[in-house]
Number of protein chains: 2
Amino acid sequence: MASDDRVRVTYRIAAADVGEARARALGIALEQTVEVPGDVVPEGYIRDEIVGRVETLAPAGPGAFETAISYSPDSVGHEVLQFINVVFGNSSLQAGIKVVAVEPGPEIARRLPGPRFGVAGLRARAGRPEGGLIAPVIKPQGSSATELAAIAGRSVAGGADIIKEDHGLANQPMAPFEARVAAVADAVGEANAKHGALALYIANVTGAGGDPIAQAHRAKELGASGVLLMPGLLGFGPVAALAGDPGFDLPIMTHPAFTGGFVQSPEAGIAHGVLYGTLQRIAGADISVFPNVGGRFGFSAEECQAIAEACRDPDGFGPPILPSPGGGMSVERAPDMAAMYGPDVVYLLGGSLLRHREKIGEAVRAMREALEAAGGGR
Amino acid sequence: MASDDRVRVTYRIAAADVGEARARALGIALEQTVEVPGDVVPEGYIRDEIVGRVETLAPAGPGAFETAISYSPDSVGHEVLQFINVVFGNSSLQAGIKVVAVEPGPEIARRLPGPRFGVAGLRARAGRPEGGLIAPVIKPQGSSATELAAIAGRSVAGGADIIKEDHGLANQPMAPFEARVAAVADAVGEANAKHGALALYIANVTGAGGDPIAQAHRAKELGASGVLLMPGLLGFGPVAALAGDPGFDLPIMTHPAFTGGFVQSPEAGIAHGVLYGTLQRIAGADISVFPNVGGRFGFSAEECQAIAEACRDPDGFGPPILPSPGGGMSVERAPDMAAMYGPDVVYLLGGSLLRHREKIGEAVRAMREALEAAGGGR
């Protein structure tokens, strides 16, 4: 395997001095590959290729260093799960190590499918060639399939681009998966036909019974035009499997549920842009949901910007994808949001939309107008 | 759904005063269920049953409160994934919230399979009715299937109870899954026959190609006597699916890779005992691996004790399971470890074992003798 084909991960590590930093970097290089002490590593191929290589090490502020470690694609094989495992499986358990950059390299780019649609493909499917996309979230949990379908239909009538299911809609008795997806798909289809729209319906797939791939295909059969997957609860495997499945051919939106542990400490975990941008893209997501600044979550404007940039970086993995900030969007904030995110973005409209009840379509339309007036609608 | 059937989760929340604490608790109760503002929650069933209920709220030290919130089993349905989602899906993304206890309640106990073997069942399969179990880990990544099989065979000859595959062995070219599992299973089977042993071989299942359930069944066909699953990378779904699959009938060991984010902050994430004990047991693991005190990871003796207690709590979910501390075990430390963990434990023996090369069996035997001498072997 040529050296420039290696995966490159940059870690920020806590260390008092360069000696400790070097020891920690070498420790990561062993931990993430052979997981044996350095003196036990067999000579030859394993020592020369498999063990991670500390490529760079430099101070990065008080008590901190940055180190780039490279890994052989042979450590990964062809699975995105094992890719993530090499990047940060065991080292995530150690204090004072933060993943700040991940460059998969050309060989991994050949092995993993990456996003199938990206920004351009998603826009084509949704019939929205320019401007921010609007995605009302259908909920709350506890509603019947009929009630959720009604909200979906009204949202399409109001000009929604994407109908996203709440990530808390799984396979509960109030609106079981089969009945819910069929009802919502029908409602979206009818509203699309009536209004000459192409709104996508993204169904939440949790893999009831253990097989998310089969459930995603079933969602497609029932009429969904995309799926929502939660890598924190399902792993990244199903994202890549569906992104590379020629028989699937639908966009994938990823949701950040149960990933919050990785963004709670400035010294540990994974940088926001890497977790919700780079890794989602490597896995094959077309749209990545994350908590927006100013909503119920504590993400800063800078962190949200880093996510959006990682999603859309022209030099990233596969085609640029759409960042999808959730929460904190309103008609009043539309100018600020449009200025912050630009046109290639999917705005989730959550629970506050439900205040409008039967007039939810008008609320969606008002958001579209506010966005267009702000210049972020096109 | 009767009130006493509800799921009960205790969160530690950061708050300056009781007013802020109450607001945060109510916020969690909404966030983890309906995910809409309180004034938008529909009257009736959704407001009365589905929205989380703040059951208790009490001070818990400076700037902190503990709150118990209960959830309807209807929010969960029958999926362990959605159970975890209700416990801590979105709230994991908010600062200053830590899960410190999870009580699934009797209805969830009826819906999820729980551990199939537990301590007693695992001991019966491994032929070790009492005393600590010894589990050498076969590695390093980069070795051929033949090399790994040789280590496995020697370990069985030395008296190992379990041959555990390294979690970094996936489906790489050096030792592809099929060839590796077949070779190691054969080596373990031959050594068992030769030495009259019942050592279990636990194969690492990563779901290459997107289907961990099918791959686990394939491991069984190839001769594995148990599987290793990484819930941080695969989700908890495959654990429960296999634990409840009558046609599978093999023990499940879970590994903590890519869960470290949840244990990096004292104010956020999930308490060690809950993450590596309670939740593994609810998912259906029979053995839960975690980083041992004194090894390469920073877990304290108290945190490791909490994990072991949660695994073995007689009042916990399903049968008690085996905690499996990894790292930090040696002949010298055997007395301390035996005193700390007692007899119901699986000691992983990792990379340092490889120093003994062809004499690895003797090193395993020395560990057994040290453990028995310490009174922890029986």
# chains A, B, ... in the order shown; residues from 1 in each chain; ligands from 1
call {"tool": "interface_residues", "arguments": {"of": "chain B", "to": "chain A", "cutoff": "6 Å", "atoms": "only C-alpha atoms", "output": "VMD selection string"}}
result
chain B and resid 34 36 40 46 77 89 to 90 92 to 94 140 to 142 172 210 233 to 235 237 to 238 241 257 to 258 260 to 262 269 297 351 355
call {"tool": "write_last_selection", "arguments": {"atoms": "C-alpha atoms", "output": "short mmCIF file (atom, residue, chain, number, x, y, z; two decimals), in the first residue's frame"}}
result
data_model
loop_
_atom_site.label_atom_id
_atom_site.label_comp_id
_atom_site.auth_asym_id
_atom_site.auth_seq_id
_atom_site.Cartn_x
_atom_site.Cartn_y
_atom_site.Cartn_z
CA VAL B 34 -42.62 14.75 21.95
CA VAL B 36 -42.17 20.15 20.98
CA VAL B 40 -47.96 22.74 21.82
CA ILE B 46 -50.00 12.54 24.52
CA GLY B 77 -42.27 0.27 21.48
CA GLY B 89 -31.00 10.52 22.38
CA ASN B 90 -31.24 14.28 22.01
CA SER B 92 -26.98 13.79 25.16
CA LEU B 93 -26.35 16.84 22.98
CA GLN B 94 -27.12 19.30 25.77
CA PRO B 140 -2.38 -8.25 16.63
CA GLN B 141 -4.17 -6.95 13.59
CA GLY B 142 -2.01 -7.71 10.58
CA GLN B 172 -9.14 -7.06 6.56
CA GLY B 210 -24.17 -4.12 6.49
CA LEU B 233 -20.15 1.25 16.42
CA LEU B 234 -23.09 -1.07 15.70
CA GLY B 235 -25.72 0.25 18.06
CA GLY B 237 -29.94 -3.25 18.16
CA PRO B 238 -27.88 -6.24 16.99
CA ALA B 241 -31.74 -9.06 18.09
CA ALA B 257 -14.99 0.91 21.39
CA PHE B 258 -16.25 4.36 20.34
CA GLY B 260 -15.61 6.96 25.27
CA GLY B 261 -17.31 10.27 24.59
CA PHE B 262 -19.92 9.43 27.18
CA GLY B 269 -22.62 11.72 29.42
CA PHE B 297 -7.10 3.97 30.38
CA GLY B 351 -1.02 -7.58 24.35
CA ARG B 355 5.59 -11.43 24.91
#
call {"tool": "select_by_dssp", "arguments": {"residues": "range 135-219 of chain B", "states": "helix (DSSP H, G or I)", "output": "short mmCIF file (atom, residue, chain, number, x, y, z; two decimals) with C-alpha atoms, in the first residue's frame"}}
result
data_model
loop_
_atom_site.label_atom_id
_atom_site.label_comp_id
_atom_site.auth_asym_id
_atom_site.auth_seq_id
_atom_site.Cartn_x
_atom_site.Cartn_y
_atom_site.Cartn_z
CA ALA B 145 -5.51 -16.35 10.21
CA THR B 146 -3.01 -19.16 10.80
CA GLU B 147 -0.98 -17.08 13.23
CA LEU B 148 -4.07 -16.05 15.15
CA ALA B 149 -5.29 -19.65 15.26
CA ALA B 150 -1.94 -20.76 16.70
CA ILE B 151 -2.22 -18.22 19.54
CA ALA B 152 -5.77 -19.41 20.20
CA GLY B 153 -4.78 -23.07 20.35
CA ARG B 154 -1.87 -22.41 22.72
CA SER B 155 -4.11 -20.35 24.97
CA VAL B 156 -6.64 -23.17 25.25
CA ALA B 157 -3.83 -25.58 26.07
CA PHE B 177 -13.49 -12.88 8.44
CA GLU B 178 -14.36 -16.22 6.85
CA ALA B 179 -10.85 -17.64 6.82
CA ARG B 180 -10.04 -16.29 10.26
CA VAL B 181 -13.11 -17.53 12.07
CA ALA B 182 -12.84 -20.96 10.44
CA ALA B 183 -9.15 -21.30 11.34
CA VAL B 184 -9.52 -20.10 14.93
CA ALA B 185 -12.64 -22.21 15.52
CA ASP B 186 -10.79 -25.28 14.28
CA ALA B 187 -7.78 -24.55 16.48
CA VAL B 188 -9.94 -24.00 19.55
CA GLY B 189 -11.97 -27.12 18.81
CA GLU B 190 -8.87 -29.26 18.41
CA ALA B 191 -7.26 -27.92 21.58
CA ASN B 192 -10.51 -28.41 23.51
CA ALA B 193 -10.68 -32.02 22.34
CA LYS B 194 -7.04 -32.67 23.16
CA HIS B 195 -7.19 -31.14 26.64
CA ALA B 208 -19.22 -6.35 6.94
CA GLY B 209 -21.62 -5.57 4.14
CA GLY B 210 -24.17 -4.12 6.49
CA PRO B 212 -24.22 -8.02 11.65
CA ILE B 213 -27.03 -10.49 12.38
CA ALA B 214 -26.23 -12.55 9.30
CA GLN B 215 -22.51 -12.31 10.03
CA ALA B 216 -23.06 -13.53 13.61
CA HIS B 217 -24.95 -16.54 12.29
CA ARG B 218 -22.15 -17.14 9.83
CA ALA B 219 -19.63 -17.05 12.69
#
call {"tool": "calpha_fit_rmsd", "arguments": {"fixed": "chain A", "moving": "chain B"}}
result
0.0 Å
call {"tool": "select_by_dssp", "arguments": {"residues": "range 183-297 of chain B", "states": "strand (DSSP E)", "output": "CSV table (one decimal) with C-alpha atoms, in the first residue's frame"}}
result
chain,number,residue,atom,x,y,z
B,200,LEU,CA,-15.3,-20.7,24.2
B,201,TYR,CA,-14.2,-18.8,21.0
B,202,ILE,CA,-15.8,-15.4,20.8
B,203,ALA,CA,-15.5,-14.0,17.2
B,204,ASN,CA,-15.6,-10.3,16.5
B,226,GLY,CA,-19.9,-16.7,20.9
B,227,VAL,CA,-19.7,-13.2,19.4
B,228,LEU,CA,-18.1,-9.9,20.2
B,229,LEU,CA,-20.2,-6.9,19.3
B,252,ILE,CA,-22.7,-12.2,23.5
B,253,MET,CA,-19.8,-10.2,24.7
B,254,THR,CA,-19.9,-6.4,24.2
B,269,GLY,CA,-22.6,11.7,29.4
B,270,ILE,CA,-23.5,8.5,31.2
B,287,ILE,CA,-20.3,-10.3,29.2
B,288,SER,CA,-19.4,-6.6,29.2
B,289,VAL,CA,-15.8,-5.5,28.5
B,290,PHE,CA,-14.5,-2.2,29.9
B,291,PRO,CA,-11.1,-0.6,30.5
call {"tool": "residues_around", "arguments": {"residues": "Arg125 in chain A", "least_positions_apart": "2", "cutoff": "10 Å", "atoms": "only C-alpha atoms", "output": "PyMOL selection string"}}
result
chain A and resi 117+120-123+127-129+161+198-200+225+250-251
call {"tool": "residues_around", "arguments": {"residues": "Met340 in chain A", "least_positions_apart": "5", "cutoff": "9 Å", "atoms": "only C-alpha atoms", "output": "compact mmCIF listing (two decimals) with C-alpha atoms, in the first residue's frame"}}
result
# COMPACT_ATOMS: atom_id res chain seq x y z
CA ALA A 301 -22.18 29.85 15.84
CA GLN A 305 -20.16 27.09 10.83
CA PRO A 335 -32.09 36.95 7.61
call {"tool": "closest_residue", "arguments": {"among": "B:Asp344, B:Glu309, B:Glu55, B:Glu358", "to": "Gly158 in chain B", "atoms": "only C-alpha atoms"}}
result
B:Glu358
call {"tool": "decode", "arguments": {"residues": "range 242-258 of chain A", "atoms": "N, CA and C atoms", "output": "mmCIF file, in the first residue's frame"}}
result
data_model
loop_
_atom_site.group_PDB
_atom_site.id
_atom_site.type_symbol
_atom_site.label_atom_id
_atom_site.label_comp_id
_atom_site.auth_asym_id
_atom_site.auth_seq_id
_atom_site.Cartn_x
_atom_site.Cartn_y
_atom_site.Cartn_z
ATOM 1 N N LEU A 242 -26.416 1.497 2.566
ATOM 2 C CA LEU A 242 -27.503 2.014 1.718
ATOM 3 C C LEU A 242 -26.977 2.987 0.666
ATOM 4 N N ALA A 243 -25.957 3.779 1.028
ATOM 5 C CA ALA A 243 -25.389 4.716 0.045
ATOM 6 C C ALA A 243 -24.774 3.969 -1.133
ATOM 7 N N GLY A 244 -24.286 2.751 -0.867
ATOM 8 C CA GLY A 244 -23.643 1.988 -1.924
ATOM 9 C C GLY A 244 -24.514 0.907 -2.529
ATOM 10 N N ASP A 245 -25.772 0.890 -2.171
ATOM 11 C CA ASP A 245 -26.690 -0.165 -2.620
ATOM 12 C C ASP A 245 -27.406 0.302 -3.890
ATOM 13 N N PRO A 246 -27.051 -0.272 -5.053
ATOM 14 C CA PRO A 246 -27.624 0.208 -6.318
ATOM 15 C C PRO A 246 -29.143 0.094 -6.339
ATOM 16 N N GLY A 247 -29.683 -0.863 -5.600
ATOM 17 C CA GLY A 247 -31.128 -1.048 -5.587
ATOM 18 C C GLY A 247 -31.859 -0.103 -4.660
ATOM 19 N N PHE A 248 -31.122 0.721 -3.929
ATOM 20 C CA PHE A 248 -31.805 1.610 -2.989
ATOM 21 C C PHE A 248 -32.062 2.968 -3.638
ATOM 22 N N ASP A 249 -30.990 3.680 -3.940
ATOM 23 C CA ASP A 249 -31.108 4.887 -4.759
ATOM 24 C C ASP A 249 -32.003 5.972 -4.159
ATOM 25 N N LEU A 250 -31.966 6.156 -2.846
ATOM 26 C CA LEU A 250 -32.682 7.273 -2.214
ATOM 27 C C LEU A 250 -31.694 8.078 -1.358
ATOM 28 N N PRO A 251 -31.970 9.367 -1.170
ATOM 29 C CA PRO A 251 -31.097 10.178 -0.305
ATOM 30 C C PRO A 251 -31.163 9.728 1.152
ATOM 31 N N ILE A 252 -30.072 9.965 1.852
ATOM 32 C CA ILE A 252 -29.945 9.611 3.268
ATOM 33 C C ILE A 252 -29.677 10.875 4.074
ATOM 34 N N MET A 253 -30.490 11.050 5.110
ATOM 35 C CA MET A 253 -30.289 12.148 6.060
ATOM 36 C C MET A 253 -29.847 11.502 7.372
ATOM 37 N N THR A 254 -28.830 12.043 8.003
ATOM 38 C CA THR A 254 -28.397 11.482 9.290
ATOM 39 C C THR A 254 -28.767 12.429 10.428
ATOM 40 N N HIS A 255 -29.051 11.844 11.574
ATOM 41 C CA HIS A 255 -29.514 12.595 12.746
ATOM 42 C C HIS A 255 -28.552 12.351 13.916
ATOM 43 N N PRO A 256 -28.283 13.385 14.743
ATOM 44 C CA PRO A 256 -27.225 13.274 15.753
ATOM 45 C C PRO A 256 -27.615 12.635 17.080
ATOM 46 N N ALA A 257 -28.806 12.031 17.200
ATOM 47 C CA ALA A 257 -29.199 11.449 18.485
ATOM 48 C C ALA A 257 -28.123 10.509 19.030
ATOM 49 N N PHE A 258 -27.904 10.603 20.335
ATOM 50 C CA PHE A 258 -26.955 9.747 21.060
ATOM 51 C C PHE A 258 -25.517 9.855 20.543
#
